[in-house]
Every structure is written in structure tokens, then in C-alpha cells.
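**Student:** So I've got this file, run-v4.txt, and it contains compact mmCIF, C-alpha atoms:
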# COMPACT_ATOMS: atom_id res chain seq x y z
CA MET A 1 -51.83 78.21 66.98
CA THR A 2 -49.30 79.86 64.66
CA THR A 3 -45.72 78.57 64.52
CA LEU A 4 -42.89 80.54 62.98
CA VAL A 5 -40.26 78.36 61.27
CA VAL A 6 -37.33 80.73 60.95
CA CYS A 7 -34.06 79.99 59.17
CA LEU A 8 -31.20 82.10 60.57
CA ASP A 9 -28.35 83.39 58.41
CA ARG A 10 -26.12 85.66 60.49
CA THR A 11 -23.53 86.50 57.80
CA ASP A 12 -26.12 87.13 55.02
CA ASP A 13 -24.87 84.39 52.71
CA VAL A 14 -28.28 84.26 51.05
CA GLY A 15 -28.33 87.96 50.21
CA ARG A 16 -24.72 87.97 49.05
CA LYS A 17 -25.25 85.08 46.59
CA THR A 18 -28.74 85.90 45.32
CA GLY A 19 -28.97 89.66 45.71
CA LEU A 20 -32.28 89.38 47.61
CA ARG A 21 -33.10 91.31 50.76
CA SER A 22 -34.40 89.51 53.81
CA PRO A 23 -36.69 88.58 55.33
CA VAL A 24 -38.01 86.11 52.78
CA VAL A 25 -41.44 84.92 53.95
CA GLY A 26 -43.75 82.26 52.57
CA TRP A 27 -43.58 78.72 51.29
CA GLU A 28 -43.27 79.61 47.61
CA ALA A 29 -40.76 82.38 48.25
CA VAL A 30 -38.47 80.11 50.31
CA ARG A 31 -38.76 77.28 47.77
CA ALA A 32 -37.75 79.66 44.99
CA LEU A 33 -34.89 80.86 47.18
CA VAL A 34 -33.60 77.28 47.40
CA THR A 35 -33.23 77.19 43.63
CA ASP A 36 -31.49 80.57 43.52
CA VAL A 37 -28.99 79.69 46.27
CA GLY A 38 -28.35 76.24 44.78
CA LEU A 39 -27.60 77.69 41.34
CA ALA A 40 -25.31 80.34 42.83
CA ASP A 41 -23.32 77.91 45.04
CA PRO A 42 -24.27 74.21 44.91
CA GLU A 43 -21.74 73.38 47.66
CA ASP A 44 -23.22 75.80 50.20
CA SER A 45 -24.78 74.16 53.26
CA GLY A 46 -27.37 76.95 53.26
CA VAL A 47 -29.30 75.00 50.59
CA ASN A 48 -29.75 72.15 53.05
CA THR A 49 -30.84 74.61 55.74
CA LEU A 50 -33.54 76.08 53.50
CA LEU A 51 -34.77 72.61 52.56
CA GLU A 52 -34.85 71.63 56.24
CA SER A 53 -36.97 74.71 56.98
CA LEU A 54 -39.46 73.66 54.30
CA ARG A 55 -39.54 70.10 55.63
CA VAL A 56 -40.24 71.23 59.18
CA ALA A 57 -43.00 73.53 57.95
CA GLN A 58 -44.55 70.70 55.94
CA ASP A 59 -44.53 68.36 58.94
CA LEU A 60 -46.23 70.96 61.11
CA ARG A 61 -48.86 71.56 58.42
CA ASP A 62 -49.57 67.85 58.32
CA GLU A 63 -50.40 68.14 62.03
CA ASN A 64 -52.99 70.84 61.21
CA GLU A 65 -50.93 73.73 62.52
CA GLU A 66 -50.74 77.15 60.95
CA VAL A 67 -47.14 77.66 59.85
CA VAL A 68 -45.19 80.68 58.65
CA VAL A 69 -41.77 79.88 57.17
CA ALA A 70 -39.24 82.70 56.84
CA VAL A 71 -35.54 83.33 56.23
CA VAL A 72 -33.87 86.02 58.33
CA SER A 73 -30.40 87.31 57.44
CA GLY A 74 -27.93 89.56 59.21
CA ASP A 75 -25.43 92.11 57.99
CA ARG A 76 -21.93 91.68 56.60
CA GLU A 77 -20.43 94.80 58.14
CA SER A 78 -20.03 93.65 61.76
CA MET A 79 -21.47 91.17 64.22
CA VAL A 80 -23.28 93.91 66.13
CA SER A 81 -24.98 95.26 63.02
CA ALA A 82 -25.84 91.70 61.94
CA ASP A 83 -27.51 90.92 65.28
CA ARG A 84 -29.43 94.19 65.22
CA ALA A 85 -30.63 93.52 61.68
CA VAL A 86 -31.89 90.08 62.70
CA ALA A 87 -33.64 91.55 65.74
CA GLU A 88 -35.35 94.19 63.59
CA GLN A 89 -36.57 91.61 61.06
CA LEU A 90 -37.88 89.37 63.84
CA ASP A 91 -39.82 92.29 65.30
CA ASP A 92 -41.46 92.88 61.92
CA LEU A 93 -42.38 89.20 61.51
CA ILE A 94 -43.86 89.02 65.00
CA ALA A 95 -45.83 92.21 64.42
CA ASP A 96 -47.24 90.92 61.12
CA TYR A 97 -48.02 87.27 61.98
CA ASP A 98 -48.17 87.22 65.83
CA PRO A 99 -46.76 83.65 66.22
CA ASP A 100 -47.28 81.69 69.43
CA SER A 101 -44.00 79.79 69.15
CA ALA A 102 -40.99 79.38 66.89
CA VAL A 103 -38.79 76.63 65.50
CA VAL A 104 -35.23 77.77 64.73
CA VAL A 105 -33.22 76.16 61.93
CA THR A 106 -29.45 76.81 61.69
CA ASP A 107 -26.45 75.29 59.96
CA SER A 108 -23.49 76.47 62.08
CA ALA A 109 -22.43 77.40 65.59
CA ASP A 110 -22.13 81.01 64.47
CA ASP A 111 -25.82 81.14 63.53
CA GLU A 112 -26.78 79.57 66.88
CA ARG A 113 -25.61 82.72 68.64
CA LEU A 114 -28.77 84.39 67.33
CA ILE A 115 -31.02 82.02 69.29
CA PRO A 116 -31.10 84.26 72.42
CA ILE A 117 -32.38 87.09 70.22
CA VAL A 118 -35.24 84.90 69.03
CA GLU A 119 -35.98 83.65 72.55
CA SER A 120 -36.26 87.21 73.82
CA ARG A 121 -39.17 87.86 71.43
CA VAL A 122 -41.07 84.58 71.07
CA ARG A 123 -41.11 81.17 72.73
CA VAL A 124 -38.72 78.76 71.02
CA ASP A 125 -40.01 75.17 71.00
CA SER A 126 -37.19 73.57 69.03
CA VAL A 127 -33.74 74.22 67.57
CA ASP A 128 -32.79 72.23 64.47
CA ARG A 129 -29.16 72.38 63.40
CA VAL A 130 -28.45 71.06 59.93
CA VAL A 131 -25.05 69.42 59.46
CA VAL A 132 -24.13 67.88 56.13
CA ARG A 133 -23.10 64.27 56.75
CA GLN A 134 -19.96 64.45 54.64
CA ALA A 135 -18.76 67.58 56.47
CA ARG A 136 -19.72 66.72 60.07
CA ASP A 137 -16.19 65.95 61.33
CA ILE A 138 -14.60 68.70 59.26
CA GLU A 139 -16.97 71.36 60.56
CA SER A 140 -16.62 70.25 64.17
CA THR A 141 -12.83 70.28 63.87
CA TYR A 142 -12.93 73.70 62.27
CA TYR A 143 -14.91 75.27 65.11
CA LEU A 144 -12.76 73.58 67.74
CA LEU A 145 -9.61 75.00 66.11
CA LYS A 146 -11.26 78.38 65.83
CA GLN A 147 -12.10 78.48 69.52
CA PHE A 148 -8.64 77.19 70.38
CA LEU A 149 -6.88 79.89 68.39
CA ALA A 150 -9.10 82.55 69.95
CA ASP A 151 -7.81 81.69 73.45
CA GLU A 152 -4.53 83.54 74.02
CA GLU A 153 -3.49 81.49 77.06
CA LEU A 154 -3.95 78.19 75.23
CA ARG A 155 -1.98 79.49 72.26
CA GLN A 156 0.95 80.42 74.46
CA THR A 157 0.80 77.16 76.39
CA VAL A 158 0.56 74.77 73.41
CA LEU A 159 1.69 76.49 70.22
CA VAL A 160 4.83 78.14 71.64
CA PRO A 161 6.39 74.87 72.94
CA ILE A 162 5.53 73.09 69.69
CA GLY A 163 7.07 75.89 67.64
CA LEU A 164 10.25 75.91 69.74
CA THR A 165 10.51 72.13 69.44
CA LEU A 166 10.24 72.28 65.65
CA LEU A 167 12.94 74.96 65.54
CA VAL A 168 15.38 73.41 68.03
CA PHE A 169 15.19 69.76 66.99
CA PRO A 170 16.82 70.24 63.51
CA LEU A 171 19.68 72.18 65.13
CA LEU A 172 20.28 69.51 67.76
CA ALA A 173 19.94 66.72 65.20
CA THR A 174 22.66 68.23 63.01
CA THR A 175 25.04 69.06 65.87
CA VAL A 176 24.78 66.31 68.49
CA GLY A 177 22.71 63.67 66.69
CA PRO A 178 19.02 62.80 66.34
CA ALA A 179 18.88 60.58 69.45
CA GLU A 180 20.54 63.12 71.73
CA GLY A 181 18.41 65.91 70.29
CA ALA A 182 15.19 63.97 70.83
CA ALA A 183 16.26 63.12 74.40
CA ALA A 184 17.04 66.75 75.19
CA ILE A 185 13.73 67.99 73.75
CA THR A 186 11.79 65.28 75.59
CA THR A 187 13.47 66.31 78.85
CA VAL A 188 12.61 69.95 78.33
CA ILE A 189 8.99 69.11 77.49
CA GLY A 190 8.74 66.93 80.60
CA LEU A 191 10.11 69.72 82.78
CA PHE A 192 7.68 72.16 81.22
CA LEU A 193 4.73 69.85 81.89
CA LEU A 194 5.80 69.43 85.51
CA TYR A 195 6.26 73.19 85.78
CA LYS A 196 2.70 73.80 84.62
CA GLY A 197 1.26 70.81 86.45
CA PHE A 198 2.57 71.87 89.88
CA ASN A 199 1.73 75.57 89.26
CA VAL A 200 5.34 76.56 89.81
CA ASP A 201 4.73 79.86 88.03
CA GLU A 202 2.02 80.82 90.52
CA ILE A 203 4.21 79.75 93.45
CA LEU A 204 7.13 81.86 92.18
CA ALA A 205 4.87 84.85 91.57
CA ARG A 206 3.41 84.57 95.07
CA PHE A 207 6.91 84.20 96.57
CA ALA A 208 8.16 87.27 94.68
CA HIS A 209 5.15 89.28 95.87
CA GLN A 210 5.68 88.25 99.50
CA THR A 211 9.40 89.03 99.27
CA ARG A 212 8.72 92.48 97.83
CA GLU A 213 6.14 93.22 100.52
CA SER A 214 8.55 92.06 103.22
CA LEU A 215 11.36 94.27 101.91
CA TYR A 216 9.13 97.33 101.71
CA SER A 217 7.62 96.80 105.17
CA GLY A 218 11.00 96.25 106.86
CA GLN A 219 10.24 92.87 108.43
CA VAL A 220 12.89 91.15 110.56
CA SER A 221 12.14 87.84 108.91
CA VAL A 222 13.83 89.00 105.69
CA VAL A 223 17.22 89.00 107.42
CA THR A 224 16.56 85.78 109.30
CA TYR A 225 15.48 84.05 106.09
CA VAL A 226 18.75 85.00 104.44
CA VAL A 227 20.68 83.69 107.46
CA ALA A 228 18.59 80.51 107.41
CA ALA A 229 19.41 80.00 103.72
CA GLY A 230 23.13 80.35 104.50
CA LEU A 231 22.89 77.86 107.37
CA THR A 232 21.04 75.47 105.08
CA PHE A 233 23.84 75.56 102.52
CA VAL A 234 26.37 75.03 105.30
CA GLY A 235 24.42 72.01 106.53
CA LEU A 236 24.26 70.51 103.04
CA PHE A 237 27.98 71.09 102.60
CA VAL A 238 28.83 69.50 105.97
CA GLY A 239 26.60 66.52 105.18
CA ALA A 240 28.28 66.06 101.80
CA LEU A 241 31.71 66.15 103.47
CA GLY A 242 30.60 63.50 105.96
CA VAL A 243 29.44 61.25 103.13
CA SER A 244 32.68 61.74 101.21
CA ASN A 245 34.70 60.59 104.25
CA LEU A 246 32.97 57.19 104.19
CA GLY A 247 34.92 56.09 101.15
CA ASP A 248 33.53 53.21 99.09
CA THR A 249 30.66 52.26 101.38
CA PRO A 250 28.22 49.94 99.61
CA GLY A 251 24.54 50.86 99.47
CA VAL A 252 22.83 54.17 100.12
CA VAL A 253 21.48 53.66 103.64
CA ILE A 254 24.70 54.38 105.50
CA PRO A 255 25.63 57.45 103.36
CA ALA A 256 22.12 58.86 103.73
CA THR A 257 22.20 58.31 107.51
CA ARG A 258 25.63 59.94 107.73
CA PHE A 259 24.40 62.90 105.72
CA ALA A 260 21.43 63.34 108.07
CA PHE A 261 23.65 62.97 111.17
CA ASP A 262 26.10 65.66 110.06
CA SER A 263 23.68 68.12 108.46
CA ILE A 264 20.73 68.05 110.87
CA PRO A 265 22.30 70.45 113.48
CA TRP A 266 22.84 73.12 110.83
CA LEU A 267 19.45 72.53 109.23
CA ALA A 268 17.77 72.75 112.64
CA MET A 269 19.57 76.03 113.33
CA ALA A 270 18.41 77.33 109.95
CA ALA A 271 14.78 76.44 110.70
CA LEU A 272 15.11 77.86 114.21
CA THR A 273 16.49 81.14 112.84
CA ALA A 274 13.70 81.44 110.28
CA SER A 275 11.00 80.69 112.87
CA ALA A 276 12.57 83.17 115.32
CA GLY A 277 12.40 85.92 112.71
CA ARG A 278 8.78 85.16 111.95
CA LEU A 279 8.03 85.16 115.68
CA LEU A 280 9.67 88.58 116.06
CA ASP A 281 7.51 89.94 113.22
CA GLU A 282 4.41 88.64 114.99
CA ALA A 283 5.55 90.18 118.29
CA ILE A 284 6.25 93.58 116.69
CA GLY A 285 2.93 93.63 114.85
CA GLU A 286 -0.35 94.79 116.31
CA ASP A 287 -2.11 91.44 116.04
CA PRO A 288 -1.71 88.89 118.84
CA ILE A 289 0.88 86.17 118.37
CA ARG A 290 -0.63 82.96 117.11
CA ARG A 291 0.04 79.82 119.10
CA SER A 292 1.57 78.03 116.11
CA PHE A 293 4.39 80.60 115.86
CA LEU A 294 5.13 80.28 119.58
CA ASN A 295 5.28 76.50 119.40
CA LEU A 296 7.27 76.28 116.15
CA PRO A 297 10.82 76.82 117.60
CA PHE A 298 10.31 74.06 120.17
CA ILE A 299 9.01 71.69 117.50
CA VAL A 300 12.07 72.41 115.33
CA VAL A 301 14.46 71.59 118.18
CA ALA A 302 12.51 68.44 119.10
CA VAL A 303 12.47 67.13 115.53
CA GLY A 304 16.18 67.87 115.17
CA LEU A 305 16.96 65.89 118.32
CA VAL A 306 14.87 62.92 117.16
CA VAL A 307 16.54 62.78 113.72
CA ARG A 308 19.97 63.19 115.29
CA GLY A 309 19.29 60.44 117.82
CA PHE A 310 18.05 57.88 115.31
CA SER A 311 20.81 58.59 112.80
CA ALA A 312 23.42 58.28 115.59
CA TYR A 313 21.89 54.98 116.68
CA PHE A 314 22.16 53.45 113.20
CA LEU A 315 25.69 54.77 112.63
CA GLU A 316 26.88 53.49 116.01
CA GLU A 317 25.38 50.08 115.34
CA GLN A 318 27.42 49.95 112.09
CA ASP A 319 30.60 51.16 113.90
CA VAL A 320 30.70 54.30 111.80
CA ILE A 321 30.83 56.61 114.84
CA ASP A 322 32.16 56.00 118.35
CA PRO A 323 29.90 55.59 121.38
CA PHE A 324 29.02 58.70 123.36
CA VAL A 325 31.35 59.17 126.35
CA VAL A 326 30.13 61.25 129.29
CA PRO A 327 33.20 62.84 130.93
CA GLU A 328 33.75 63.12 134.67
CA ASN A 329 32.04 66.23 136.08
CA GLU A 330 31.59 67.80 139.48
CA PHE A 331 28.83 70.33 140.26
CA GLY A 332 29.10 71.32 143.88
CA ILE A 333 27.90 68.38 145.92
CA PHE A 334 26.99 66.45 142.77
CA SER A 335 29.59 64.56 140.80
CA ASN A 336 29.75 61.71 138.33
CA GLU A 337 32.42 59.42 137.03
CA GLN A 338 33.18 58.95 133.37
CA PHE A 339 30.94 56.43 131.65
CA VAL A 340 30.00 55.34 128.14
CA MET A 341 26.40 55.49 126.79
CA VAL A 342 25.50 52.71 124.41
CA ALA A 343 23.44 53.33 121.26
CA GLY A 344 20.09 52.50 122.86
CA GLU A 345 20.72 54.76 125.87
CA ARG A 346 21.74 57.64 123.62
CA LEU A 347 18.61 57.18 121.48
CA ALA A 348 16.37 57.08 124.56
CA LEU A 349 18.00 60.26 125.91
CA PHE A 350 17.46 62.14 122.66
CA VAL A 351 13.84 60.98 122.30
CA VAL A 352 12.91 61.79 125.91
CA THR A 353 14.57 65.22 125.62
CA ALA A 354 12.65 65.93 122.41
CA ILE A 355 9.34 64.97 124.03
CA VAL A 356 10.05 67.18 127.05
CA ILE A 357 10.98 70.14 124.84
CA SER A 358 7.82 69.74 122.76
CA LEU A 359 5.66 69.59 125.90
CA VAL A 360 7.37 72.66 127.33
CA GLY A 361 6.81 74.52 124.06
CA ALA A 362 3.12 73.60 124.01
CA ARG A 363 2.77 74.72 127.62
CA ILE A 364 4.51 78.04 127.01
CA ALA A 365 2.50 78.71 123.86
CA SER A 366 -0.74 77.93 125.69
CA SER A 367 0.10 80.15 128.67
CA VAL A 368 1.24 83.09 126.54
CA SER A 369 -1.84 82.89 124.32
CA GLY A 370 -4.10 82.62 127.37
CA SER A 371 -2.50 85.64 129.04
CA ARG A 372 -2.94 87.71 125.89
CA GLU A 373 -6.62 86.76 125.72
CA ASP A 374 -7.05 87.77 129.35
CA VAL A 375 -5.43 91.14 128.65
CA GLU A 376 -7.72 91.71 125.67
CA ARG A 377 -10.79 90.89 127.80
CA GLY A 378 -9.65 93.26 130.53
CA ASP A 379 -11.23 96.36 128.91
CA GLY A 380 -14.64 95.90 130.46
CA GLY A 381 -15.65 92.73 128.67
CA PRO A 382 -18.26 90.34 129.95
CA GLU A 383 -15.71 88.25 131.87
CA THR A 384 -14.26 91.08 134.01
CA GLU A 385 -15.56 91.78 137.50
CA PRO A 386 -16.45 95.33 138.57
CA ALA A 387 -13.93 97.12 140.73
CA ASP A 388 -14.63 98.05 144.34
CA GLY A 389 -16.99 100.98 144.59
CA ASP A 390 -18.29 100.72 141.03
CA PRO A 391 -22.03 100.35 140.61
CA PRO A 392 -23.12 96.90 139.44
CA SER A 393 -23.99 96.46 135.83
CA PRO A 394 -27.70 96.78 135.08
CA ASP A 395 -27.46 93.60 133.04
CA GLY A 396 -25.37 91.70 135.60
CA PRO A 397 -26.55 88.53 137.33
CA GLU A 398 -27.46 90.33 140.58
CA ALA A 399 -29.59 92.93 138.78
CA VAL A 400 -31.32 90.24 136.76
CA ALA A 401 -32.09 88.27 139.94
CA ASP A 402 -33.51 91.40 141.64
CA ARG A 403 -35.75 92.13 138.64
CA GLU A 404 -37.04 88.57 138.61
CA ALA A 405 -37.81 88.71 142.35
CA ASP A 406 -39.55 92.10 142.11
CA PRO A 407 -41.22 92.72 138.71
CA THR A 408 -42.09 96.32 139.76
CA LEU A 409 -38.47 97.41 139.48
CA GLU A 410 -37.81 99.62 136.49
CA ARG A 411 -35.45 98.40 133.84
CA PHE A 412 -32.36 100.53 133.40
CA ASP A 413 -32.53 102.85 130.41
CA PRO A 414 -29.09 104.11 129.32
CA GLU A 415 -30.63 107.17 127.62
CA ARG A 416 -32.30 108.46 130.80
CA THR A 417 -29.13 109.33 132.71
CA ASP A 418 -30.43 112.56 134.21
CA GLY A 419 -32.73 110.78 136.64
CA GLY A 420 -35.86 111.90 134.76
CA ALA A 421 -39.12 110.06 135.08
CA ASP A 422 -40.36 107.61 132.54
CA SER A 423 -42.41 109.21 129.81
CA ASN A 424 -45.06 106.53 130.17
CA ALA A 425 -45.49 107.09 133.91
CA SER A 426 -48.14 109.25 135.51
CA PRO A 427 -47.21 112.94 135.88
CA ASP A 428 -47.74 112.78 139.63
CA ALA A 429 -46.21 109.35 140.19
CA GLY A 430 -42.83 110.63 141.37
CA ALA A 431 -43.87 113.92 142.96
CA ASP A 432 -42.68 114.69 146.47
CA PRO A 433 -45.56 116.24 148.45
CA SER A 434 -43.21 118.01 150.87
CA THR A 435 -41.05 119.77 148.31
CA GLY A 436 -43.45 120.13 145.42
CA SER A 437 -40.94 118.72 142.92
CA ASP A 438 -40.60 115.36 141.25
CA ALA A 439 -38.03 112.64 142.01
CA GLY A 440 -35.63 114.00 139.47
CA GLY A 441 -35.25 117.31 141.29
CA ARG A 442 -37.06 119.36 138.62
CA ASP A 443 -39.57 122.06 139.51
CA PRO A 444 -43.18 121.30 138.74
Is it possible to give me this structure as C-alpha cells?

**Tutor:**
Amino acid sequence: MTTLVVCLDRTDDVGRKTGLRSPVVGWEAVRALVTDVGLADPEDSGVNTLLESLRVAQDLRDENEEVVVAVVSGDRESMVSADRAVAEQLDDLIADYDPDSAVVVTDSADDERLIPIVESRVRVDSVDRVVVRQARDIESTYYLLKQFLADEELRQTVLVPIGLTLLVFPLLATTVGPAEGAAAITTVIGLFLLYKGFNVDEILARFAHQTRESLYSGQVSVVTYVVAAGLTFVGLFVGALGVSNLGDTPGVVIPATRFAFDSIPWLAMAALTASAGRLLDEAIGEDPIRRSFLNLPFIVVAVGLVVRGFSAYFLEEQDVIDPFVVPENEFGIFSNEQFVMVAGERLALFVVTAIVISLVGARIASSVSGSREDVERGDGGPETEPADGDPPSPDGPEAVADREADPTLERFDPERTDGGADSNASPDAGADPSTGSDAGGRDP
């Protein structure tokens, strides 16, 4: 068994410092190369790599294995030419010594990229990376920084904020003070981290794309969304006015409840307008309306009633709003006198009305979706019944029952529509003795 102990040098440091051409093969040749490289550059880690190659070869020889130690170098012009040079030298070594396996010795992550080239030509039993103890942390940090700087997205995400911070902080420190400048920069960094953490950039890009597609396609929901945004601002403004009329009310519960009580009608109208526009887009489109879009307006109204009822209950209990007075009305034979609804009665009325509206919405959505499915299945699908006078389907339940009762019945063949006889039947099986023609009406 022959083992090839190969020392990889992708950037040709050995050839550049000693003037020798690779590959360098043999124990004596590699040991002499150690002296040449050490005299040229005593600080080069390649000396340790060559010594490690000799040590591995010696250990394998002690185990009575036939060992060939060699140093393979690349090219300094480009990475492609370096890899091709290594591949060519490996082919020559394999052709000359025909090794059964290989042990690869490297001293850097750059040289380890040549391992797939070696594996494609000979079985690799071991990979030995030599790292000088004094330079272990330095080398690892160097390659981490190198990979970091090679990633454009990471550079923009990390280096740009750090650079802006280093530029802005001296300006803020000299104008508004070091504490205020540090607080402002910390706030901006926190907002940036939240921006990246919640993927706000992707959400904004997706929103812009959807808005552009909606404008180009002429959807009704574009107009309704704008109207809904206006109603939302009106609701927020009305809620803020209601809170401002409370004066110096202690706590935040009552102001928040007042804000919800005053703004929820406008916010519900905004949501209802937006959902109506989306429902119109679904109705205009070719696809069937989904049940969720049909049920959404009813859910919006029901939720608005519930929030309005509970907020009114709390405000009435705190004497912020007056009880609800039902005026005297007369509807034909029906009439009622004026009466006052207490807070609990008003809350019960709002909750029951919301439940009824949600149930009605679910029922309407279910019936509309079911009717659309029936219309789609009305084109001859498996659930439609044949019309009067139409022949029964050959695969229908009656035809299947007849075939099971009488196995001699022929199975319907859709390709034989001219009444012709089966090709597997006897030529005289369907002949009519009186007419001299077969059952299909063809002349003999």
C-alpha cells in the first residue's frame, strides 16, 4: 500500500522564496527544501508545514507503509491558474507512483480549498492543518475578518452604521453635549436594530409592490383604502378631542376608554370601507369570492359594536356619559313609551346585536360560497343529474349495476361511436342473416 503525503501550497510561496519549481518529491528533497525556505523566511509558517509533512511520512514508515512525500505548489497569476497547476502536478504524481491513498497537509484555509481537487483523483484518508501556536488566534481572526469584508450585505449592515456613528457623535458632542449626543445616537441605533429585526424593509418593499400592482390593474380597493385611511385619521382626531374634553382626569383608564368610545365608529367605518373595496375586487375578478372576504364586513361591524358597548358601559359607570334614553316611538299598531336603558342593558343589547350580526354574516358567506360551488359543478360534473331524454352515463350507477348483473354486456368504448363491432369479436358475430350486413349497418 502506497500513501502519498502531499503538502499543498496554493500561492506558490515555496517557489517564490527558493526559486524551485514544484513538485518537489522525495524525503531528501523535501528536507533540503525545509532548510531553503527557513533561510529565506524564518517566520513563514510553510516551514512548519514541510516539517509536519516529513513527520507524517516518518510515522507511516514506522508502520511499514510505503510513503511518497511531495510538495505541490500553485501559480501566482490567478486562483484558476493555481488550481489547474496543482491538478496537473497531482496527475503526474499519481501517474508515476500510483498511490492508494493520500494524506493532505496544509497551513491555511486558502490551501484547504485544494482538497476537493485531491479528492477527485485519489482517496484522502486524512487532512492535517498546521497552525503555529503563537498565531492561532491571529490567523483565525484574520480569516474571519476577510470573510466578513467579502460579504457586501454584512458590510452595509454593520460598517455603515458604525461609520455614521463615528462621524455624527463628535458633531453632536460639540453642539448639544456629549450626553445628549450619546442618547441621540443610541436611539437611532435602537431604531435601526428594530427596523432590521422586524424586517420593516421587506414589509415596505412588499407594500410598495402591491400598491404599484393595484394602481396599474385599476382595482377598486385602491380608492377604498385611501378613504379608509382618511376615516382612520378622522377617528383618531375625534378620539383625541374626546380625551381633551375630560380635563384633568387622573389615570389612563378613563381617557383610553373615552378615546375608544369616540373613535371606534369612525375606525369601524374605515375597516368596513376597506373590506368592501376588497370584496368588490374579488367580485369583479374571475376567481370565486372567498368566504373570508364575505364574512369580513360583518365581523368588522360586530367587533365595533362590542368595543362600543363595553366602553360605554365603563364610561356610564363612572358618570362620564349619560344613560341611553329610548324616545317614544309609534310604528303603526306598535308603540313604546320613553324609557332609560341602564349600563348593563345597553351592554347586553350591543353584545347580542354583535353576535346576531356575526351569525348572519357567517350564514350569508356560507350560502353564497355554496351556491357558487353548485354553479361551478353544473357543467356536467359528477354531482349533476342527466336531463330528461339524455342517455345515461356509461359509468353511472345504473350502468355499473347492469354490468355487474350481466357480465356479457359490452363495456362502452368512447372511441367506437360509429356502432362498429369490436375488433376482438368474431367476424360473423354481429351479422344479420336476413340482410347480409353486420349490426353496424356496413355491407359485408

**Student:** Can you work out which one of A:Ser311, A:Ser366, A:Ser81, A:Gln318 has the shortest atom-to-atom distance to Ile264 of chain A, counting all atoms listed in the file?

**Tutor:**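 Closest candidate: A:Ser311.
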
**Student:** So which residues touch Ala343 of chain A within 7 Å, counting all atoms listed in the file, skipping near sequence neighbours fewer than 4 positions away, as a VMD selection string?

**Tutor:** chain A and resid 313 316 323 347

**Student:** Expressed in Å to a single decimal, how great is the separation between atom CA of Asp111 of chain A and atom CA of Phe148 of chain A?

**Tutor:**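 These atoms are spaced 18.9 Å apart.
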
**Student:** Leaving out Val105 of chain A and any residue of its chain fewer than 2 positions from it, which residues lie within 7 Å of it when counting all atoms listed in the file, given as a list in words?

**Tutor:**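 That gives Val6, Cys7, Leu8, Thr49, Ser53, Val103, Val127, Asp128 and Arg129 of chain A.
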
**Student:** Mind giving me the straight-line distance from atom CA of Val238 of chain A to atom CA of Glu328 of chain A in Å, one decimal?

**Tutor:**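 Atom-to-atom, atom CA of Val238 of chain A and atom CA of Glu328 of chain A are spaced 29.8 Å apart.
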
**Student:** What is the distance between atom CA of Ala354 of chain A and atom CA of Val301 of chain A, in Å to one decimal?

**Tutor:**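 One can read the atom CA of Ala354 of chain A to atom CA of Val301 of chain A distance as 7.3 Å.
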
**Student:** At a cut-off of 9 Å, using all atoms listed in the file, what residues contact Gly74 of chain A? Leave out same-chain residues fewer than 2 positions from it and give the result as a list in words.

**Tutor:**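 Those residues are Leu8, Asp9, Arg10, Thr11, Asp12, Asp13, Ser22, Val72, Arg76, Met79, Ser81, Ala82, Asp83, Arg84, Ala85, Val86 and Ala87 of chain A.
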
**Student:** Would you list the residues near (11.4, 86.9, 105.7), meaning any protein, DNA or RNA residue with an atom at most 12 Å from that point in file coordinates, counting all atoms listed in the file, as a PyMOL selection string?

**Tutor:** chain A and resi 207-229+273-282

**Student:** Got time to write the residues from that selection, C-alpha atoms, as a CSV table (one decimal), in the frame of the given file?

**Tutor:**
chain,number,residue,atom,x,y,z
A,207,PHE,CA,6.9,84.2,96.6
A,208,ALA,CA,8.2,87.3,94.7
A,209,HIS,CA,5.2,89.3,95.9
A,210,GLN,CA,5.7,88.2,99.5
A,211,THR,CA,9.4,89.0,99.3
A,212,ARG,CA,8.7,92.5,97.8
A,213,GLU,CA,6.1,93.2,100.5
A,214,SER,CA,8.6,92.1,103.2
A,215,LEU,CA,11.4,94.3,101.9
A,216,TYR,CA,9.1,97.3,101.7
A,217,SER,CA,7.6,96.8,105.2
A,218,GLY,CA,11.0,96.2,106.9
A,219,GLN,CA,10.2,92.9,108.4
A,220,VAL,CA,12.9,91.2,110.6
A,221,SER,CA,12.1,87.8,108.9
A,222,VAL,CA,13.8,89.0,105.7
A,223,VAL,CA,17.2,89.0,107.4
A,224,THR,CA,16.6,85.8,109.3
A,225,TYR,CA,15.5,84.0,106.1
A,226,VAL,CA,18.8,85.0,104.4
A,227,VAL,CA,20.7,83.7,107.5
A,228,ALA,CA,18.6,80.5,107.4
A,229,ALA,CA,19.4,80.0,103.7
A,273,THR,CA,16.5,81.1,112.8
A,274,ALA,CA,13.7,81.4,110.3
A,275,SER,CA,11.0,80.7,112.9
A,276,ALA,CA,12.6,83.2,115.3
A,277,GLY,CA,12.4,85.9,112.7
A,278,ARG,CA,8.8,85.2,112.0
A,279,LEU,CA,8.0,85.2,115.7
A,280,LEU,CA,9.7,88.6,116.1
A,281,ASP,CA,7.5,89.9,113.2
A,282,GLU,CA,4.4,88.6,115.0

**Student:** Within 9 Å of segment 156-171 of chain A, counting only C-alpha atoms, which residues qualify if same-chain residues fewer than 4 places away don't, as JSON, numbers by chain?

**Tutor:** {"A": [151, 152, 175, 176, 178, 181, 182, 184, 185, 189, 192]}
